[in-house]
Protein chains: 2
Amino acid sequence: METSTVDIIKVASNSRTSAVAGAIAGVFREQKQVKVQAIGASAVNQAVKALALARDYLDKDGYNVITIPSFVDVEIEGKVRTAIRMLVENR
Amino acid sequence: METSTVDIIKVASNSRTSAVAGAIAGVFREQKQVKVQAIGASAVNQAVKALALARDYLDKDGYNVITIPSFVDVEIEGKVRTAIRMLVENR
């Protein structure tokens, strides 16, 4: 997991759900928007679990966050791969 | 994949993305809400891909659908398992 300057949280298959959820909530509180990106079934699963958890965290702060999933092509080591991007915004 | 009377679309790891997306869009058009449920990384991944695709389908109909992921305990063959439930609503 890493947070880039464009505020994309990249989730890996070995990312810890609670750590990713904390990062999502943290970026959201600052910027009122987060992009979460994952490639592959395990990483996507971790991302969705983290989003469910982050929603609970942010609910306690009075936010009602929603997720908008989309496909996005990313280049990794010269190869184009399809990632799942999940945009998190307040409803 | 099956659609129960309570309108939960259950996604399996071997569900076809486009078929699930079509089912999500179909139920949404009728009821303006759908629950999508998946257990395990592969099934969750299929569900999220289907949601991204369904969003595109429904965008063409003038809807702006969002997803709200949460954890839900379900009983399967006498054992309690944690599923991911994704509620789909218009924004």
# chains A, B, ... in the order shown; residues from 1 in each chain; ligands from 1
>>> select_by_dssp(residues="chain B", states="strand (DSSP E)", output="JSON, numbers by chain")
{"B": [2, 3, 8, 9, 10, 11, 33, 34, 35, 36, 37, 38, 65, 66, 67, 68, 69, 70, 71, 72, 73, 74, 75, 76, 79, 80, 81, 82, 83, 84, 85, 86, 87, 88, 89, 90]}
>>> interface_residues(of="chain B", to="chain A", cutoff="9 Å", atoms="only C-alpha atoms", output="list in words")
Gly40, Ala41, Ser42, Ala43, Val44, Asn45, Gln46, Val48, Lys49, Leu51, Ala52, Leu53, Arg55, Asp56, Val65, Ile66, Thr67, Ile68, Pro69, Ser70, Phe71, Ile84 and Arg91 of chain B
>>> select_by_dssp(residues="chain A", states="alpha helix (DSSP H)", output="PyMOL selection string")
chain A and resi 17-31+41-59
>>> write_last_selection(atoms="N, CA and C atoms", output="short mmCIF file (atom, residue, chain, number, x, y, z; two decimals), in the first residue's frame")
data_model
loop_
_atom_site.label_atom_id
_atom_site.label_comp_id
_atom_site.auth_asym_id
_atom_site.auth_seq_id
_atom_site.Cartn_x
_atom_site.Cartn_y
_atom_site.Cartn_z
N THR A 17 -6.11 -5.14 5.95
CA THR A 17 -7.39 -4.46 5.80
C THR A 17 -7.50 -3.23 6.70
N SER A 18 -7.15 -3.37 7.97
CA SER A 18 -7.32 -2.26 8.91
C SER A 18 -6.38 -1.11 8.58
N ALA A 19 -5.18 -1.43 8.10
CA ALA A 19 -4.24 -0.36 7.73
C ALA A 19 -4.75 0.40 6.51
N VAL A 20 -5.27 -0.33 5.53
CA VAL A 20 -5.81 0.33 4.34
C VAL A 20 -7.04 1.16 4.71
N ALA A 21 -7.88 0.61 5.57
CA ALA A 21 -9.08 1.34 6.00
C ALA A 21 -8.70 2.64 6.70
N GLY A 22 -7.68 2.57 7.54
CA GLY A 22 -7.20 3.77 8.22
C GLY A 22 -6.68 4.81 7.24
N ALA A 23 -5.97 4.35 6.22
CA ALA A 23 -5.44 5.25 5.20
C ALA A 23 -6.57 5.90 4.41
N ILE A 24 -7.57 5.09 4.05
CA ILE A 24 -8.71 5.62 3.30
C ILE A 24 -9.42 6.70 4.13
N ALA A 25 -9.68 6.38 5.39
CA ALA A 25 -10.37 7.33 6.26
C ALA A 25 -9.55 8.60 6.44
N GLY A 26 -8.24 8.43 6.61
CA GLY A 26 -7.35 9.58 6.81
C GLY A 26 -7.33 10.52 5.62
N VAL A 27 -7.16 9.95 4.43
CA VAL A 27 -7.14 10.78 3.21
C VAL A 27 -8.51 11.41 3.00
N PHE A 28 -9.57 10.64 3.23
CA PHE A 28 -10.92 11.19 3.04
C PHE A 28 -11.17 12.39 3.95
N ARG A 29 -10.78 12.26 5.20
CA ARG A 29 -11.01 13.37 6.16
C ARG A 29 -10.33 14.65 5.70
N GLU A 30 -9.17 14.51 5.08
CA GLU A 30 -8.40 15.68 4.62
C GLU A 30 -8.96 16.24 3.31
N GLN A 31 -9.33 15.33 2.40
CA GLN A 31 -9.58 15.76 1.03
C GLN A 31 -11.02 15.52 0.57
N ALA A 41 -7.68 -10.36 -8.01
CA ALA A 41 -8.78 -10.71 -7.11
C ALA A 41 -8.45 -10.49 -5.64
N SER A 42 -7.27 -10.90 -5.20
CA SER A 42 -6.94 -10.78 -3.77
C SER A 42 -6.85 -9.32 -3.35
N ALA A 43 -6.23 -8.51 -4.19
CA ALA A 43 -6.08 -7.09 -3.88
C ALA A 43 -7.43 -6.39 -3.90
N VAL A 44 -8.27 -6.74 -4.87
CA VAL A 44 -9.61 -6.13 -4.95
C VAL A 44 -10.41 -6.50 -3.71
N ASN A 45 -10.31 -7.75 -3.30
CA ASN A 45 -11.01 -8.21 -2.08
C ASN A 45 -10.54 -7.44 -0.85
N GLN A 46 -9.23 -7.26 -0.72
CA GLN A 46 -8.70 -6.49 0.41
C GLN A 46 -9.22 -5.05 0.37
N ALA A 47 -9.24 -4.49 -0.84
CA ALA A 47 -9.70 -3.11 -1.00
C ALA A 47 -11.16 -2.96 -0.58
N VAL A 48 -11.99 -3.90 -0.99
CA VAL A 48 -13.43 -3.81 -0.67
C VAL A 48 -13.65 -3.98 0.83
N LYS A 49 -12.91 -4.90 1.45
CA LYS A 49 -13.03 -5.07 2.91
C LYS A 49 -12.60 -3.79 3.62
N ALA A 50 -11.52 -3.19 3.13
CA ALA A 50 -11.04 -1.94 3.73
C ALA A 50 -12.06 -0.82 3.56
N LEU A 51 -12.73 -0.80 2.40
CA LEU A 51 -13.74 0.23 2.15
C LEU A 51 -14.93 0.06 3.09
N ALA A 52 -15.32 -1.18 3.34
CA ALA A 52 -16.44 -1.43 4.26
C ALA A 52 -16.07 -0.95 5.66
N LEU A 53 -14.84 -1.21 6.06
CA LEU A 53 -14.35 -0.81 7.38
C LEU A 53 -14.22 0.72 7.45
N ALA A 54 -13.65 1.33 6.42
CA ALA A 54 -13.47 2.78 6.39
C ALA A 54 -14.82 3.49 6.46
N ARG A 55 -15.82 2.90 5.80
CA ARG A 55 -17.16 3.49 5.86
C ARG A 55 -17.66 3.55 7.31
N ASP A 56 -17.40 2.49 8.08
CA ASP A 56 -17.78 2.49 9.50
C ASP A 56 -17.03 3.58 10.26
N TYR A 57 -15.72 3.68 10.02
CA TYR A 57 -14.93 4.72 10.69
C TYR A 57 -15.51 6.10 10.40
N LEU A 58 -15.78 6.36 9.12
CA LEU A 58 -16.20 7.69 8.69
C LEU A 58 -17.65 7.99 9.07
N ASP A 59 -18.43 6.93 9.21
CA ASP A 59 -19.80 7.09 9.69
C ASP A 59 -19.80 7.73 11.08
#
>>> atom_distance(atom1="atom CA of Asn90 of chain A", atom2="atom CA of Val72 of chain A")
21.5 Å
>>> atom_distance(atom1="atom CA of Asp7 of chain B", atom2="atom CA of Gly62 of chain B")
21.9 Å
